[in-house]
Structures are given as structure tokens and as C-alpha cells.
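File shown here: start.txt, holding compact mmCIF, C-alpha atoms.
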# COMPACT_ATOMS: atom_id res chain seq x y z
CA MET A 20 17.13 -18.39 1.78
CA THR A 21 13.72 -19.39 0.46
CA ARG A 22 11.01 -16.76 0.49
CA ASP A 23 8.06 -19.10 -0.05
CA LEU A 24 5.07 -18.28 2.14
CA ARG A 25 2.88 -20.86 3.84
CA PHE A 26 -0.70 -19.60 3.90
CA GLY A 27 -3.07 -22.17 5.27
CA ASN A 28 -2.13 -25.47 3.66
CA LYS A 29 -0.61 -23.91 0.55
CA ILE A 30 2.90 -22.74 -0.23
CA SER A 31 3.04 -19.56 -2.35
CA LYS A 32 6.04 -18.27 -4.25
CA PRO A 33 6.52 -14.50 -4.35
CA SER A 34 6.85 -11.95 -7.07
CA VAL A 35 10.15 -10.28 -6.23
CA ARG A 36 10.80 -6.56 -6.50
CA LYS A 37 14.50 -5.89 -7.09
CA LEU A 38 16.45 -2.66 -7.03
CA ASP A 39 16.61 -2.51 -10.83
CA ASP A 40 12.80 -2.33 -10.80
CA MET A 41 13.01 0.66 -8.44
CA LYS A 42 15.97 2.66 -9.73
CA ASN A 43 13.82 5.43 -11.21
CA VAL A 44 12.20 6.21 -7.84
CA VAL A 45 15.24 6.06 -5.53
CA TYR A 46 16.48 9.33 -4.04
CA ASP A 47 20.17 8.51 -3.61
CA LYS A 48 21.43 8.32 -7.21
CA LYS A 49 25.08 8.27 -6.12
CA TRP A 50 24.46 5.15 -4.02
CA LEU A 51 22.64 3.50 -6.93
CA LYS A 52 25.77 3.45 -9.07
CA SER A 53 27.43 0.79 -6.94
CA ALA A 54 24.42 -0.83 -5.24
CA GLY A 55 24.03 -3.87 -7.49
CA ASN A 56 20.58 -5.40 -7.83
CA PRO A 57 19.49 -6.78 -4.44
CA GLU A 58 16.03 -8.16 -3.73
CA LEU A 59 14.00 -5.55 -1.84
CA TYR A 60 10.56 -7.01 -1.13
CA TYR A 61 8.24 -9.91 -1.81
CA MET A 62 4.62 -9.94 -2.98
CA TYR A 63 2.24 -12.89 -2.58
CA ARG A 64 -0.88 -12.36 -4.65
CA ASP A 65 -4.41 -13.72 -4.51
CA LEU A 66 -4.21 -15.82 -1.33
CA SER A 67 -7.02 -17.73 0.36
CA LEU A 68 -7.24 -20.19 3.24
CA SER A 69 -9.89 -22.42 1.70
CA VAL A 70 -11.78 -23.16 -1.49
CA LYS A 71 -14.89 -21.64 0.08
CA ASP A 72 -13.04 -18.43 0.95
CA ARG A 73 -11.74 -18.14 -2.59
CA GLN A 74 -15.23 -18.57 -4.01
CA ILE A 75 -16.51 -15.76 -1.78
CA MET A 76 -13.63 -13.56 -2.95
CA LEU A 77 -14.44 -14.25 -6.59
CA GLU A 78 -18.15 -13.59 -6.07
CA ASN A 79 -17.36 -10.25 -4.42
CA GLY A 80 -14.58 -9.18 -6.78
CA LEU A 81 -11.90 -9.13 -4.09
CA ARG A 82 -8.25 -10.16 -3.78
CA TYR A 83 -6.13 -10.73 -0.66
CA ASP A 84 -2.36 -10.25 -0.83
CA VAL A 85 0.61 -10.33 1.53
CA THR A 86 3.78 -8.25 1.12
CA VAL A 87 7.02 -8.70 3.05
CA ILE A 88 9.59 -5.87 3.18
CA PRO A 89 12.82 -6.74 4.99
CA PRO A 90 14.79 -3.86 6.55
CA HIS A 91 17.10 -2.24 4.02
CA MET A 92 18.57 1.15 3.25
CA LEU A 93 18.47 2.61 -0.25
CA GLY A 94 21.52 4.69 0.46
CA MET A 95 20.19 7.56 2.57
CA GLU A 96 16.57 6.45 2.08
CA TYR A 97 14.52 3.82 3.88
CA VAL A 98 13.35 0.89 1.77
CA LYS A 99 9.93 1.38 0.19
CA THR A 100 7.55 0.00 -2.41
CA ALA A 101 7.62 1.32 -5.98
CA GLY A 102 4.38 3.25 -5.59
CA HIS A 103 1.32 3.34 -7.81
CA TYR A 104 -2.14 4.72 -8.48
CA HIS A 105 -5.31 2.77 -9.22
CA PRO A 106 -7.57 3.26 -12.26
CA SER A 107 -11.07 4.70 -11.96
CA VAL A 108 -14.16 2.62 -11.33
CA LEU A 109 -16.15 2.43 -14.56
CA GLY A 110 -18.69 5.25 -14.78
CA THR A 111 -17.20 7.27 -11.91
CA ASP A 112 -14.38 9.76 -11.29
CA LEU A 113 -13.17 7.71 -8.31
CA SER A 114 -10.26 5.32 -8.40
CA TYR A 115 -10.37 1.99 -6.59
CA PRO A 116 -9.41 2.24 -2.90
CA GLU A 117 -7.38 -0.30 -0.95
CA ILE A 118 -6.98 -1.37 2.67
CA TYR A 119 -3.80 -2.53 4.39
CA GLU A 120 -3.05 -4.17 7.70
CA VAL A 121 0.33 -4.42 9.41
CA LEU A 122 0.88 -8.03 10.45
CA GLU A 123 4.44 -7.65 11.77
CA GLY A 124 6.77 -4.69 12.20
CA SER A 125 5.87 -1.08 11.48
CA ALA A 126 5.10 0.92 8.36
CA HIS A 127 4.75 4.44 7.05
CA TYR A 128 2.07 4.76 4.38
CA LEU A 129 2.53 7.86 2.24
CA LEU A 130 -0.57 8.81 0.26
CA GLN A 131 -0.85 11.59 -2.31
CA ARG A 132 -3.88 12.91 -4.15
CA ARG A 133 -3.38 13.74 -7.80
CA GLN A 134 -5.55 16.26 -9.61
CA ASN A 135 -4.80 17.20 -13.21
CA ASP A 136 -0.99 17.45 -13.27
CA GLY A 137 -0.54 18.48 -9.64
CA ILE A 138 -0.64 17.07 -6.11
CA THR A 139 -3.33 18.53 -3.87
CA ASP A 140 -2.82 16.52 -0.67
CA VAL A 141 -0.02 14.50 0.94
CA VAL A 142 -0.73 12.28 3.94
CA LEU A 143 1.44 10.07 6.12
CA VAL A 144 -0.04 7.29 8.26
CA LYS A 145 2.24 5.63 10.81
CA ALA A 146 1.07 2.09 11.53
CA THR A 147 2.16 -0.75 13.80
CA LYS A 148 1.04 -4.35 14.22
CA GLY A 149 -2.73 -4.68 13.95
CA ASP A 150 -3.34 -1.24 12.48
CA LYS A 151 -5.55 -0.84 9.41
CA VAL A 152 -4.87 1.84 6.76
CA ILE A 153 -7.38 2.74 4.05
CA VAL A 154 -6.09 4.31 0.84
CA PRO A 155 -9.03 6.50 -0.31
CA PRO A 156 -10.03 6.92 -3.94
CA ASN A 157 -7.75 9.10 -6.12
CA TYR A 158 -4.71 8.70 -3.87
CA GLY A 159 -1.47 7.14 -5.06
CA HIS A 160 0.60 5.46 -2.38
CA ILE A 161 3.82 3.85 -1.26
CA THR A 162 4.74 1.86 1.85
CA ILE A 163 7.98 2.54 3.71
CA ASN A 164 9.71 0.26 6.21
CA PRO A 165 11.39 2.81 8.53
CA SER A 166 12.75 0.26 11.00
CA ASN A 167 15.42 -2.41 11.43
CA LYS A 168 12.77 -5.15 11.57
CA GLU A 169 10.94 -6.98 8.83
CA LEU A 170 7.60 -5.50 7.78
CA LYS A 171 4.83 -7.95 6.87
CA MET A 172 1.51 -6.54 5.73
CA CYS A 173 -1.61 -7.70 3.95
CA ASN A 174 -4.17 -5.93 1.81
CA TRP A 175 -7.65 -6.30 0.42
CA VAL A 176 -8.29 -4.77 -3.00
CA ALA A 177 -10.67 -5.16 -5.94
CA ARG A 178 -9.34 -7.93 -8.14
CA ASP A 179 -10.28 -6.69 -11.63
CA PHE A 180 -7.77 -3.94 -12.37
CA SER A 181 -4.06 -3.36 -12.86
CA SER A 182 -2.11 -0.79 -10.84
CA VAL A 183 -0.73 2.27 -12.64
CA TYR A 184 2.99 2.79 -11.96
CA GLU A 185 4.01 5.21 -14.71
CA PRO A 186 3.02 8.60 -13.15
CA ILE A 187 5.13 7.98 -10.05
CA ARG A 188 8.00 6.49 -12.04
CA GLU A 189 8.01 9.50 -14.37
CA LYS A 190 8.31 11.86 -11.39
CA GLY A 191 11.15 9.86 -9.83
CA GLY A 192 9.04 8.83 -6.84
CA VAL A 193 6.21 10.28 -4.78
CA ALA A 194 6.14 13.84 -3.48
CA TYR A 195 8.41 13.14 -0.49
CA PHE A 196 11.33 10.85 0.25
CA GLU A 197 11.91 9.52 3.76
CA LEU A 198 15.61 9.72 4.59
CA THR A 199 17.42 8.94 7.82
CA THR A 200 17.44 12.71 8.42
CA GLY A 201 13.70 13.14 7.81
CA PHE A 202 11.42 13.84 4.88
CA VAL A 203 12.54 15.85 1.84
CA LYS A 204 10.40 17.04 -1.06
CA ASN A 205 10.75 15.56 -4.50
CA GLU A 206 11.76 18.54 -6.62
CA ASN A 207 10.29 16.96 -9.76
CA TYR A 208 6.81 17.90 -8.55
CA GLY A 209 7.35 21.63 -8.13
CA ASP A 210 5.06 23.03 -5.45
CA VAL A 211 3.42 20.36 -3.31
CA PRO A 212 1.39 20.69 -0.09
CA GLU A 213 3.03 20.22 3.26
CA MET A 214 2.64 16.68 4.52
CA HIS A 215 0.09 16.10 7.27
CA PHE A 216 -0.51 13.08 9.45
CA LEU A 217 -3.53 10.83 9.90
CA LYS A 218 -4.28 8.01 12.30
CA PRO A 219 -4.80 4.40 11.14
CA ALA A 220 -8.36 3.45 10.23
CA ASN A 221 -9.12 1.24 13.24
CA PHE A 222 -12.92 1.53 13.10
CA PRO A 223 -14.57 -1.32 15.06
CA ASP A 224 -18.07 -0.23 13.98
CA VAL A 225 -17.23 -1.15 10.36
CA GLY A 226 -15.30 -4.31 11.25
CA LEU A 227 -11.80 -2.81 11.40
CA ASN A 228 -10.47 -3.85 14.78
CA LYS A 229 -6.81 -3.21 15.61
CA ASN A 230 -6.40 -6.54 17.34
CA LYS A 231 -8.27 -8.75 14.85
CA GLU A 232 -6.78 -9.71 11.48
CA MET A 233 -8.94 -8.43 8.65
CA TYR A 234 -8.75 -11.63 6.61
CA GLY A 235 -11.71 -12.79 8.68
CA LEU A 236 -13.96 -10.10 7.19
CA ILE A 237 -14.50 -12.30 4.14
CA ARG A 238 -16.06 -14.92 6.39
CA LYS A 239 -17.85 -12.59 8.79
CA ASP A 240 -19.53 -10.38 6.17
CA PRO A 241 -18.02 -9.68 2.72
CA LYS A 242 -20.23 -6.59 2.44
CA LEU A 243 -17.92 -4.91 4.97
CA LEU A 244 -15.39 -4.78 2.11
CA GLU A 245 -17.82 -3.49 -0.53
CA PHE A 246 -16.25 -0.02 -0.32
CA LEU A 247 -13.32 -1.48 -2.27
CA THR A 248 -15.43 -2.24 -5.34
CA LYS A 249 -18.12 0.47 -5.02
CA PRO A 250 -16.38 3.54 -3.59
CA GLN A 251 -19.09 5.79 -5.02
CA ASP A 252 -21.43 4.46 -2.29
CA TYR A 253 -19.02 5.03 0.61
CA GLY A 254 -18.12 8.70 0.54
CA TRP A 255 -18.95 8.91 4.25
CA LEU A 256 -16.26 6.32 5.04
CA PHE A 257 -13.53 8.08 3.09
CA GLU A 258 -14.47 11.42 4.64
CA ARG A 259 -14.02 9.76 8.02
CA VAL A 260 -10.64 8.33 7.02
CA LEU A 261 -9.36 11.72 5.92
CA ALA A 262 -10.68 13.43 9.06
CA GLU A 263 -8.97 11.15 11.59

Write the structure described by the file as C-alpha cells, please.
Amino acid sequence: MTRDLRFGNKISKPSVRKLDDMKNVVYDKKWLKSAGNPELYYMYRDLSLSVKDRQIMLENGLRYDVTVIPPHMLGMEYVKTAGHYHPSVLGTDLSYPEIYEVLEGSAHYLLQRRQNDGITDVVLVKATKGDKVIVPPNYGHITINPSNKELKMCNWVARDFSSVYEPIREKGGVAYFELTTGFVKNENYGDVPEMHFLKPANFPDVGLNKNKEMYGLIRKDPKLLEFLTKPQDYGWLFERVLAE
């Protein structure tokens, strides 16, 4: 089965995340021994619908991606992304944020704030089609597909950095695993805060409408996405995200 993605008039081939890429962050080690190396999810990077759109993205330092996560069980655990942090914006103590939108299916976004060598906050956002989810500065994150349907999501992010995977890989995953029986703590972290829940960031007053795909923001007003490249100027937005 081909996993090429048609986006506008272009066909994009994915980067494929396989189980071998994920084995350090999977909960069910017994299952891993006989699981083989199946494909788990597909990432389509740096997409645009037109030459003009791409030029606007380049001028504003932005990148648009699509990720597809078919339903799958990692033994007792729901399929998920590998998880990563973002580096800090030059001259600040804030890492680059990110914004996701669920295009099809449903998703659980697990966010964790790292400070020194500990975790000070753990958040879960449950999102369905049309929902927007902002990952604030200084939060690492994974996406979980907790359903029997394919999850398709997109994201906007600053284009000039590389994600940091090592801290989560070294801990064997994020602070919690989502199993069929519920969430369990990752013992490699020691004491971690209890998980709390936040609503998706569907804020029409800043262009984030549940029923309108956020790709169009690049055409409507790229400044609406400036918080992704200059988080130091948008503390009010991230406070709002974390208060919902």
C-alpha cells in the first residue's frame, strides 16, 4: 500500500517511523521481543499548496507538516509518536512552540514541562477533528492515537531548528504511558506531578477556529502565527492556553 500524500497538485513521500525507531520509548518490553519492525506512522514535511504560499512561509520562518498515525497497539499501549522537545529561541529561555490540528480521527496530546532534571507539569489535551492544540514553550510532547481509526493531523512550526529527542528517549518515554487500562507513570522519572487536562486551543479571536483548517492562516494573515517564531512576545497567549 502506497503512503504517498497528495497535497494540492504535488505528491509527497513520507518519512516513516518504524517500531525499531521507537523501541526505547515503548512500555510493553515483553511484547517488543516478538513484535518485528512494523511501520507505525508517516510524516510529510514542509508542504505548501502553491509557490506563493511557500514564499510566504519562507519569509515568515514557518513550516507546515502533516502526520498520519494508523490505529495500532504497541502491546498494551496505544500507538504514539516518539516524543521530543524543541530548542530555545536564541537570546531567550523559551523553547519554540508548535500548533497542531486534527484533520481526521482523534488524538491525545501529552505535554510535559521540563525544568532542570525534573518534570514540573504534565498536561493531556483530548482533541477531535477540527480542534487546535498549542504546545507552549518549554513543553515536550507526544501524540497518541487512542482509537481504532486513522489519525491525520497537521502542524505549523518554526522551520529553522531540529527537534530534540534524546531526553525522552533516555527516560524510556514521557512521564505517562497510555495503556488500554488507563494511564500509568513512567518510573524512570521518579516523582512527577499528577496529570491534568486542558481543552483544545480553539480561539476564534486569534484565528483558531475549530471548523476552519489552519493552513489558511498563512494566506489570511501570517502574523497570526508569529507566536511560533517569537514566543517571547506572546506570553499572554500561552497563559491562556494553560488556563483553559

### Task
Name the closest residue to Arg132 in chain A among the candidates A:Ala194, A:Pro219, A:Gly80, A:Ala101; distances are taken between atoms, counting only C-alpha atoms.
A:Ala194

### Query
If we count all atoms listed in the file, what is near range 55-62 of chain A at a cut-off of 12 Å, once residues fewer than 2 positions away on the same chain are taken out, given as a PyMOL selection string?
chain A and resi 20-24+31-42+50-53+64-66+83-94+97-101+162-164+169-174

### Message
Report as a PyMOL selection string all protein, DNA and RNA residues lying within 9 Å of His105 in chain A, evaluated on all atoms listed in the file, omitting residues in the same chain fewer than 2 positions from it.
### Response
chain A and resi 103+107+114-116+156-159+180-184

Near range 252-262 of chain A, within 8 Å and counting all atoms listed in the file, which residues show up once chain neighbours fewer than 6 positions away are dropped, as a short mmCIF file (atom, residue, chain, number, x, y, z; two decimals) with C-alpha atoms, keeping the file's coordinate frame?
data_model
loop_
_atom_site.label_atom_id
_atom_site.label_comp_id
_atom_site.auth_asym_id
_atom_site.auth_seq_id
_atom_site.Cartn_x
_atom_site.Cartn_y
_atom_site.Cartn_z
CA ILE A 153 -7.38 2.74 4.05
CA PRO A 155 -9.03 6.50 -0.31
CA PRO A 156 -10.03 6.92 -3.94
CA LEU A 217 -3.53 10.83 9.90
CA ALA A 220 -8.36 3.45 10.23
CA PHE A 246 -16.25 -0.02 -0.32
#

### Task
Could you check which of A:Asp136, A:Glu120, A:Glu232, A:Asp240 is closest to Asn207 in chain A, using all atoms listed in the file?
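That would be A:Asp136, the residue with the smallest distance to Asn207 in chain A.
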